[in-house]
Amino acid sequence: MDTKTLNRLSERASAHFVESIAVKQEALRLLPEQVAKGVVAMANCLQSGGKILACGNGGSAADAQHFAAELVGRFERERRELAAIALTTDSSILTAIANDYHYDEIFSKQVRGLGKKDDILLAISTSGNSKNVLAAIEAAKKIGMHIIALTGNGGGKIAQLLGERDVHLCAPSTRTARIQETHLVLLHSLCDGVDHLLLD
């Protein structure tokens, strides 16, 4: 590889770091209080015997699974198992609903089947416009579940569905990679906060 190409690629990599840091700094300014509200809602739900259902598509599906693993297993400290389910993992359920009904219903039907009043739906969508996540939110609200939404791009249509008792964590970016990177920090902050309230 020639030096010119290496320098060009190094500059592109540096630009990613710079932009990611800038987005996280803006998130630091905007979101800690909302994170705290999300932590309190999650801890209250879990302590009262409730559960957290998480959903999203693509990278957000991976984030939903990552979050559920942190709660059921552990984050950074040993503690009892916490009730969380990623609605993105059962291939039989997902393909049956998508085939027999519509892909837009793959999460909402699971919410109606598994969710109950005062459970939490962790709804993740970088655009804020994912149709199946919107449908899951609508189903959850009819049951009486709380919503914690992770979005970007100004919140999209999801922002319009959220009420006073819901929590909106909107990454301050329109670029998917930057939104996803910020979502990971937000999810880890939620996990840390829950552990703090339960253990300290």
# chains A, B, ... in the order shown; residues from 1 in each chain; ligands from 1
>>> select_by_dssp(residues="range 75-123 of chain A", states="helix (DSSP H, G or I)", output="list in words")
Ser91, Ser92, Ile93, Leu94, Thr95, Ala96, Ile97, Ala98, Asn99, Asp100, Tyr103, Asp104, Glu105, Ser108, Lys109, Gln110, Val111, Arg112, Gly113 and Leu114 of chain A
>>> select_by_dssp(residues="range 123-196 of chain A", states="strand (DSSP E)", output="list in words")
Ala123, Ile124, His146, Ile147, Ile148, Ala149, Leu150, Thr151, Val167, His168, Leu169 and Cys170 of chain A
>>> closest_atom_pairs(of="range 7-48 of chain A", to="range 180-183 of chain A", cutoff="8 Å", atoms="only C-alpha atoms", output="tab-separated table")
residue	atom	partner	partner_atom	distance
A:Ser20	CA	A:Glu181	CA	7.4
A:Val23	CA	A:Thr182	CA	7.5
A:Lys24	CA	A:Thr182	CA	6.2
A:Ala27	CA	A:Thr182	CA	7.7
>>> closest_residue(among="A:Ala64, A:Thr88, A:Leu28, A:Ile120", to="Ala171 in chain A", atoms="only C-alpha atoms")
A:Leu28
>>> residues_around(residues="Lys117 in chain A", least_positions_apart="4", cutoff="9 Å", atoms="only C-alpha atoms", output="PyMOL selection string")
chain A and resi 50+140-146
>>> write_last_selection(atoms="all heavy atoms", output="compact mmCIF listing (two decimals), in the first residue's frame")
# COMPACT_ATOMS: atom_id res chain seq x y z
N GLY A 50 -41.75 -6.55 36.92
CA GLY A 50 -42.00 -6.36 35.50
C GLY A 50 -40.80 -6.75 34.65
O GLY A 50 -39.79 -7.25 35.15
N ALA A 140 -47.82 -1.30 22.70
CA ALA A 140 -47.39 -1.19 24.10
C ALA A 140 -48.20 -0.14 24.84
O ALA A 140 -48.59 -0.34 26.00
CB ALA A 140 -45.90 -0.87 24.17
N LYS A 141 -48.48 0.97 24.19
CA LYS A 141 -49.23 2.05 24.86
C LYS A 141 -50.66 1.60 25.15
O LYS A 141 -51.23 1.97 26.19
CB LYS A 141 -49.20 3.31 24.01
CG LYS A 141 -47.80 3.95 23.94
CD LYS A 141 -47.76 5.23 23.15
CE LYS A 141 -48.19 6.42 23.96
NZ LYS A 141 -47.27 6.74 25.05
N LYS A 142 -51.25 0.80 24.28
CA LYS A 142 -52.60 0.30 24.51
C LYS A 142 -52.65 -0.63 25.72
O LYS A 142 -53.66 -0.69 26.43
CB LYS A 142 -53.12 -0.41 23.26
CG LYS A 142 -53.47 0.55 22.13
CD LYS A 142 -53.97 -0.20 20.91
CE LYS A 142 -54.29 0.76 19.77
NZ LYS A 142 -54.74 0.05 18.55
N ILE A 143 -51.56 -1.35 25.96
CA ILE A 143 -51.49 -2.24 27.12
C ILE A 143 -51.24 -1.46 28.41
O ILE A 143 -51.59 -1.91 29.49
CB ILE A 143 -50.36 -3.28 26.90
CG1 ILE A 143 -50.69 -4.20 25.72
CG2 ILE A 143 -50.10 -4.11 28.16
CD1 ILE A 143 -49.53 -5.07 25.28
N GLY A 144 -50.65 -0.30 28.30
CA GLY A 144 -50.28 0.48 29.48
C GLY A 144 -48.82 0.33 29.85
O GLY A 144 -48.43 0.55 31.01
N MET A 145 -48.00 -0.03 28.87
CA MET A 145 -46.56 -0.14 29.09
C MET A 145 -45.91 1.25 28.98
O MET A 145 -46.44 2.15 28.35
CB MET A 145 -45.93 -1.09 28.06
CG MET A 145 -46.38 -2.53 28.18
SD MET A 145 -45.78 -3.58 26.82
CE MET A 145 -44.00 -3.49 27.06
N HIS A 146 -44.75 1.39 29.60
CA HIS A 146 -43.94 2.59 29.45
C HIS A 146 -43.03 2.42 28.24
O HIS A 146 -42.61 1.30 27.93
CB HIS A 146 -43.10 2.83 30.70
CG HIS A 146 -43.89 3.00 31.95
ND1 HIS A 146 -44.38 4.21 32.37
CD2 HIS A 146 -44.29 2.10 32.88
CE1 HIS A 146 -45.04 4.07 33.49
NE2 HIS A 146 -45.01 2.79 33.83
>>> residues_around(residues="Gln160 in chain A", least_positions_apart="2", cutoff="12 Å", atoms="only C-alpha atoms", output="mmCIF file with all heavy atoms, in the first residue's frame")
data_model
loop_
_atom_site.group_PDB
_atom_site.id
_atom_site.type_symbol
_atom_site.label_atom_id
_atom_site.label_comp_id
_atom_site.auth_asym_id
_atom_site.auth_seq_id
_atom_site.Cartn_x
_atom_site.Cartn_y
_atom_site.Cartn_z
ATOM 1 N N GLY A 128 -36.051 6.873 13.696
ATOM 2 C CA GLY A 128 -37.285 7.231 14.379
ATOM 3 C C GLY A 128 -38.522 6.906 13.567
ATOM 4 O O GLY A 128 -39.641 7.238 13.974
ATOM 5 N N ASN A 129 -38.347 6.230 12.445
ATOM 6 C CA ASN A 129 -39.470 5.994 11.531
ATOM 7 C C ASN A 129 -39.711 4.527 11.195
ATOM 8 O O ASN A 129 -40.523 4.234 10.315
ATOM 9 C CB ASN A 129 -39.238 6.759 10.218
ATOM 10 C CG ASN A 129 -39.244 8.258 10.416
ATOM 11 O OD1 ASN A 129 -40.056 8.799 11.161
ATOM 12 N ND2 ASN A 129 -38.314 8.952 9.760
ATOM 13 N N LEU A 134 -42.693 1.496 15.343
ATOM 14 C CA LEU A 134 -43.850 2.358 15.595
ATOM 15 C C LEU A 134 -45.067 1.516 15.992
ATOM 16 O O LEU A 134 -45.786 1.864 16.943
ATOM 17 C CB LEU A 134 -44.170 3.173 14.343
ATOM 18 C CG LEU A 134 -43.223 4.332 14.028
ATOM 19 C CD1 LEU A 134 -43.362 4.760 12.568
ATOM 20 C CD2 LEU A 134 -43.500 5.516 14.941
ATOM 21 N N ILE A 137 -44.696 0.314 19.545
ATOM 22 C CA ILE A 137 -44.981 1.383 20.509
ATOM 23 C C ILE A 137 -46.487 1.557 20.676
ATOM 24 O O ILE A 137 -47.004 1.673 21.797
ATOM 25 C CB ILE A 137 -44.318 2.701 20.059
ATOM 26 C CG1 ILE A 137 -42.796 2.593 20.173
ATOM 27 C CG2 ILE A 137 -44.833 3.882 20.890
ATOM 28 C CD1 ILE A 137 -42.044 3.768 19.577
ATOM 29 N N GLU A 138 -47.201 1.583 19.566
ATOM 30 C CA GLU A 138 -48.657 1.744 19.636
ATOM 31 C C GLU A 138 -49.297 0.589 20.410
ATOM 32 O O GLU A 138 -50.196 0.803 21.236
ATOM 33 C CB GLU A 138 -49.233 1.839 18.228
ATOM 34 C CG GLU A 138 -48.855 3.143 17.519
ATOM 35 C CD GLU A 138 -49.247 3.155 16.051
ATOM 36 O OE1 GLU A 138 -49.528 2.058 15.492
ATOM 37 O OE2 GLU A 138 -49.274 4.250 15.458
ATOM 38 N N ALA A 149 -37.558 5.230 24.268
ATOM 39 C CA ALA A 149 -37.216 5.209 22.849
ATOM 40 C C ALA A 149 -35.818 5.758 22.618
ATOM 41 O O ALA A 149 -35.476 6.827 23.139
ATOM 42 C CB ALA A 149 -38.230 6.021 22.057
ATOM 43 N N GLY A 154 -33.596 13.591 14.822
ATOM 44 C CA GLY A 154 -34.672 14.439 15.330
ATOM 45 C C GLY A 154 -35.836 13.685 15.953
ATOM 46 O O GLY A 154 -36.797 14.294 16.429
ATOM 47 N N GLY A 155 -35.772 12.365 15.966
ATOM 48 C CA GLY A 155 -36.820 11.576 16.609
ATOM 49 C C GLY A 155 -37.829 10.979 15.669
ATOM 50 O O GLY A 155 -38.549 10.038 16.015
ATOM 51 N N GLY A 156 -37.963 11.537 14.465
ATOM 52 C CA GLY A 156 -38.884 10.998 13.477
ATOM 53 C C GLY A 156 -40.312 10.892 13.985
ATOM 54 O O GLY A 156 -40.754 11.650 14.855
ATOM 55 N N LYS A 157 -41.040 9.918 13.471
ATOM 56 C CA LYS A 157 -42.440 9.718 13.852
ATOM 57 C C LYS A 157 -42.580 9.200 15.276
ATOM 58 O O LYS A 157 -43.611 9.400 15.914
ATOM 59 C CB LYS A 157 -43.107 8.753 12.871
ATOM 60 C CG LYS A 157 -43.225 9.307 11.455
ATOM 61 C CD LYS A 157 -43.851 8.294 10.515
ATOM 62 C CE LYS A 157 -43.937 8.859 9.093
ATOM 63 N NZ LYS A 157 -44.500 7.858 8.144
ATOM 64 N N ILE A 158 -41.538 8.521 15.768
ATOM 65 C CA ILE A 158 -41.600 8.000 17.134
ATOM 66 C C ILE A 158 -41.787 9.128 18.134
ATOM 67 O O ILE A 158 -42.559 9.001 19.098
ATOM 68 C CB ILE A 158 -40.344 7.178 17.458
ATOM 69 C CG1 ILE A 158 -40.413 5.825 16.744
ATOM 70 C CG2 ILE A 158 -40.165 6.976 18.963
ATOM 71 C CD1 ILE A 158 -39.189 4.960 16.919
ATOM 72 N N LEU A 162 -44.791 9.651 21.687
ATOM 73 C CA LEU A 162 -44.393 9.561 23.087
ATOM 74 C C LEU A 162 -45.157 10.553 23.948
ATOM 75 O O LEU A 162 -45.408 11.693 23.545
ATOM 76 C CB LEU A 162 -42.880 9.791 23.214
ATOM 77 C CG LEU A 162 -42.012 8.818 22.402
ATOM 78 C CD1 LEU A 162 -40.546 9.172 22.566
ATOM 79 C CD2 LEU A 162 -42.276 7.380 22.829
ATOM 80 N N GLY A 163 -45.490 10.097 25.169
ATOM 81 C CA GLY A 163 -46.210 10.932 26.109
ATOM 82 C C GLY A 163 -45.339 11.347 27.282
ATOM 83 O O GLY A 163 -44.130 11.076 27.315
ATOM 84 N N GLU A 164 -45.961 11.966 28.263
ATOM 85 C CA GLU A 164 -45.234 12.517 29.410
ATOM 86 C C GLU A 164 -44.522 11.449 30.223
ATOM 87 O O GLU A 164 -43.470 11.706 30.799
ATOM 88 C CB GLU A 164 -46.190 13.301 30.314
ATOM 89 C CG GLU A 164 -46.669 14.611 29.705
ATOM 90 C CD GLU A 164 -47.520 15.400 30.672
ATOM 91 O OE1 GLU A 164 -47.673 14.953 31.838
ATOM 92 O OE2 GLU A 164 -48.035 16.461 30.276
ATOM 93 N N ASP A 166 -43.248 8.721 29.103
ATOM 94 C CA ASP A 166 -42.250 8.023 28.292
ATOM 95 C C ASP A 166 -40.921 8.768 28.335
ATOM 96 O O ASP A 166 -40.863 9.934 28.722
ATOM 97 C CB ASP A 166 -42.738 7.899 26.848
ATOM 98 C CG ASP A 166 -44.052 7.146 26.747
ATOM 99 O OD1 ASP A 166 -44.214 6.140 27.466
ATOM 100 O OD2 ASP A 166 -44.922 7.566 25.958
ATOM 101 N N HIS A 168 -37.500 9.773 25.984
ATOM 102 C CA HIS A 168 -36.970 9.843 24.623
ATOM 103 C C HIS A 168 -35.496 10.196 24.669
ATOM 104 O O HIS A 168 -35.119 11.265 25.131
ATOM 105 C CB HIS A 168 -37.732 10.907 23.821
ATOM 106 C CG HIS A 168 -37.389 10.918 22.369
ATOM 107 N ND1 HIS A 168 -37.724 11.952 21.535
ATOM 108 C CD2 HIS A 168 -36.740 9.996 21.585
ATOM 109 C CE1 HIS A 168 -37.302 11.692 20.317
ATOM 110 N NE2 HIS A 168 -36.702 10.508 20.320
#
>>> closest_residue(among="A:Arg178, A:Val167, A:Val111, A:Cys45", to="Val18 in chain A", atoms="only C-alpha atoms")
A:Arg178
>>> closest_atom_pairs(of="range 70-90 of chain A", to="range 185-193 of chain A", cutoff="9 Å", atoms="only C-alpha atoms", output="JSON lines")
{"residue": "A:Glu70", "atom": "CA", "partner": "A:Cys191", "partner_atom": "CA", "distance": 7.2}
{"residue": "A:Leu71", "atom": "CA", "partner": "A:Cys191", "partner_atom": "CA", "distance": 7.2}
{"residue": "A:Arg74", "atom": "CA", "partner": "A:Cys191", "partner_atom": "CA", "distance": 9.0}
{"residue": "A:Phe75", "atom": "CA", "partner": "A:Cys191", "partner_atom": "CA", "distance": 6.5}
{"residue": "A:Glu76", "atom": "CA", "partner": "A:Asp192", "partner_atom": "CA", "distance": 7.8}
>>> atom_distance(atom1="CA of His66 in chain A", atom2="CA of Leu161 in chain A")
25.0 Å
>>> decode(residues="range 77-93 of chain A", atoms="all heavy atoms", output="CSV table (one decimal), in the first residue's frame")
chain,number,residue,atom,x,y,z
A,77,ARG,N,-21.1,-5.8,37.2
A,77,ARG,CA,-21.1,-6.3,38.6
A,77,ARG,C,-22.0,-7.5,38.7
A,77,ARG,O,-23.0,-7.6,38.0
A,77,ARG,CB,-21.4,-5.3,39.6
A,77,ARG,CG,-20.4,-4.1,39.7
A,77,ARG,CD,-20.7,-3.2,40.9
A,77,ARG,NE,-21.8,-2.3,40.6
A,77,ARG,CZ,-22.4,-1.5,41.5
A,77,ARG,NH1,-21.9,-1.5,42.7
A,77,ARG,NH2,-23.4,-0.7,41.2
A,78,GLU,N,-21.6,-8.4,39.6
A,78,GLU,CA,-22.5,-9.6,39.9
A,78,GLU,C,-23.8,-9.1,40.6
A,78,GLU,O,-23.8,-8.3,41.5
A,78,GLU,CB,-21.8,-10.6,40.8
A,78,GLU,CG,-20.6,-11.3,40.1
A,78,GLU,CD,-21.0,-12.1,38.9
A,78,GLU,OE1,-22.1,-12.6,38.8
A,78,GLU,OE2,-20.1,-12.3,38.0
A,79,ARG,N,-24.9,-9.6,40.1
A,79,ARG,CA,-26.2,-9.3,40.7
A,79,ARG,C,-27.2,-10.4,40.2
A,79,ARG,O,-26.9,-11.2,39.3
A,79,ARG,CB,-26.7,-7.9,40.3
A,79,ARG,CG,-26.6,-7.7,38.8
A,79,ARG,CD,-27.8,-6.8,38.4
A,79,ARG,NE,-27.5,-6.3,37.0
A,79,ARG,CZ,-27.7,-7.0,35.9
A,79,ARG,NH1,-28.2,-8.3,36.0
A,79,ARG,NH2,-27.5,-6.5,34.7
A,80,ARG,N,-28.4,-10.3,40.7
A,80,ARG,CA,-29.4,-11.3,40.3
A,80,ARG,C,-29.8,-11.0,38.8
A,80,ARG,O,-29.6,-9.9,38.3
A,80,ARG,CB,-30.7,-11.2,41.2
A,80,ARG,CG,-31.4,-9.8,41.0
A,80,ARG,CD,-32.7,-9.8,41.9
A,80,ARG,NE,-33.4,-8.5,41.9
A,80,ARG,CZ,-34.3,-8.2,41.0
A,80,ARG,NH1,-34.6,-9.1,40.0
A,80,ARG,NH2,-34.9,-7.0,41.0
A,81,GLU,N,-30.4,-12.0,38.2
A,81,GLU,CA,-30.8,-11.8,36.8
A,81,GLU,C,-32.0,-10.9,36.7
A,81,GLU,O,-32.8,-10.9,37.6
A,81,GLU,CB,-31.2,-13.2,36.2
A,81,GLU,CG,-30.1,-14.2,36.2
A,81,GLU,CD,-29.8,-14.9,37.5
A,81,GLU,OE1,-30.5,-14.6,38.5
A,81,GLU,OE2,-28.9,-15.7,37.6
A,82,LEU,N,-32.0,-10.1,35.7
A,82,LEU,CA,-33.1,-9.1,35.5
A,82,LEU,C,-33.9,-9.5,34.3
A,82,LEU,O,-33.3,-10.0,33.3
A,82,LEU,CB,-32.5,-7.7,35.4
A,82,LEU,CG,-31.7,-7.2,36.6
A,82,LEU,CD1,-31.1,-5.8,36.4
A,82,LEU,CD2,-32.5,-7.2,37.9
A,83,ALA,N,-35.1,-9.2,34.3
A,83,ALA,CA,-36.1,-9.7,33.2
A,83,ALA,C,-36.0,-8.8,32.0
A,83,ALA,O,-36.6,-7.7,32.0
A,83,ALA,CB,-37.5,-9.8,33.8
A,84,ALA,N,-35.4,-9.3,30.9
A,84,ALA,CA,-35.4,-8.5,29.7
A,84,ALA,C,-35.4,-9.5,28.5
A,84,ALA,O,-34.8,-10.6,28.6
A,84,ALA,CB,-34.1,-7.7,29.6
A,85,ILE,N,-36.2,-9.2,27.5
A,85,ILE,CA,-36.3,-10.0,26.3
A,85,ILE,C,-36.1,-9.2,25.1
A,85,ILE,O,-36.8,-8.2,24.9
A,85,ILE,CB,-37.7,-10.7,26.3
A,85,ILE,CG1,-38.1,-11.5,27.5
A,85,ILE,CG2,-37.9,-11.5,25.0
A,85,ILE,CD1,-39.5,-11.9,27.6
A,86,ALA,N,-35.2,-9.7,24.2
A,86,ALA,CA,-35.1,-9.0,22.9
A,86,ALA,C,-36.1,-9.7,21.9
A,86,ALA,O,-36.1,-10.9,21.8
A,86,ALA,CB,-33.7,-9.2,22.4
A,87,LEU,N,-36.9,-8.9,21.3
A,87,LEU,CA,-38.0,-9.4,20.4
A,87,LEU,C,-37.4,-9.6,19.0
A,87,LEU,O,-38.2,-9.9,18.1
A,87,LEU,CB,-39.1,-8.4,20.3
A,87,LEU,CG,-39.8,-8.0,21.7
A,87,LEU,CD1,-40.9,-7.0,21.5
A,87,LEU,CD2,-40.2,-9.2,22.5
A,88,THR,N,-36.1,-9.7,18.9
A,88,THR,CA,-35.5,-9.8,17.6
A,88,THR,C,-34.8,-11.1,17.4
A,88,THR,O,-34.2,-11.3,16.3
A,88,THR,CB,-34.4,-8.7,17.5
A,88,THR,OG1,-33.5,-8.9,18.6
A,88,THR,CG2,-34.9,-7.3,17.5
A,89,THR,N,-34.9,-12.1,18.3
A,89,THR,CA,-34.1,-13.2,18.3
A,89,THR,C,-34.7,-14.6,17.9
A,89,THR,O,-34.0,-15.5,17.5
A,89,THR,CB,-33.5,-13.4,19.7
A,89,THR,OG1,-34.5,-13.6,20.6
A,89,THR,CG2,-32.6,-12.3,20.1
A,90,ASP,N,-36.1,-14.7,18.0
A,90,ASP,CA,-36.7,-15.9,17.7
A,90,ASP,C,-37.1,-16.0,16.2
A,90,ASP,O,-38.1,-15.4,15.8
A,90,ASP,CB,-38.0,-16.1,18.6
A,90,ASP,CG,-38.6,-17.5,18.5
A,90,ASP,OD1,-38.6,-18.0,17.4
A,90,ASP,OD2,-39.0,-18.0,19.6
A,91,SER,N,-36.3,-16.7,15.4
A,91,SER,CA,-36.5,-16.7,14.0
A,91,SER,C,-37.8,-17.3,13.6
A,91,SER,O,-38.4,-16.9,12.6
A,91,SER,CB,-35.3,-17.5,13.3
A,91,SER,OG,-35.3,-18.8,13.8
A,92,SER,N,-38.3,-18.3,14.4
A,92,SER,CA,-39.6,-18.9,14.0
A,92,SER,C,-40.8,-17.9,14.2
A,92,SER,O,-41.6,-17.8,13.3
A,92,SER,CB,-39.9,-20.1,14.9
A,92,SER,OG,-39.0,-21.2,14.6
A,93,ILE,N,-40.7,-17.2,15.3
A,93,ILE,CA,-41.7,-16.1,15.5
A,93,ILE,C,-41.7,-15.1,14.5
A,93,ILE,O,-42.7,-14.7,13.8
A,93,ILE,CB,-41.6,-15.5,16.9
A,93,ILE,CG1,-42.0,-16.5,18.0
A,93,ILE,CG2,-42.5,-14.2,17.0
A,93,ILE,CD1,-41.8,-16.0,19.4
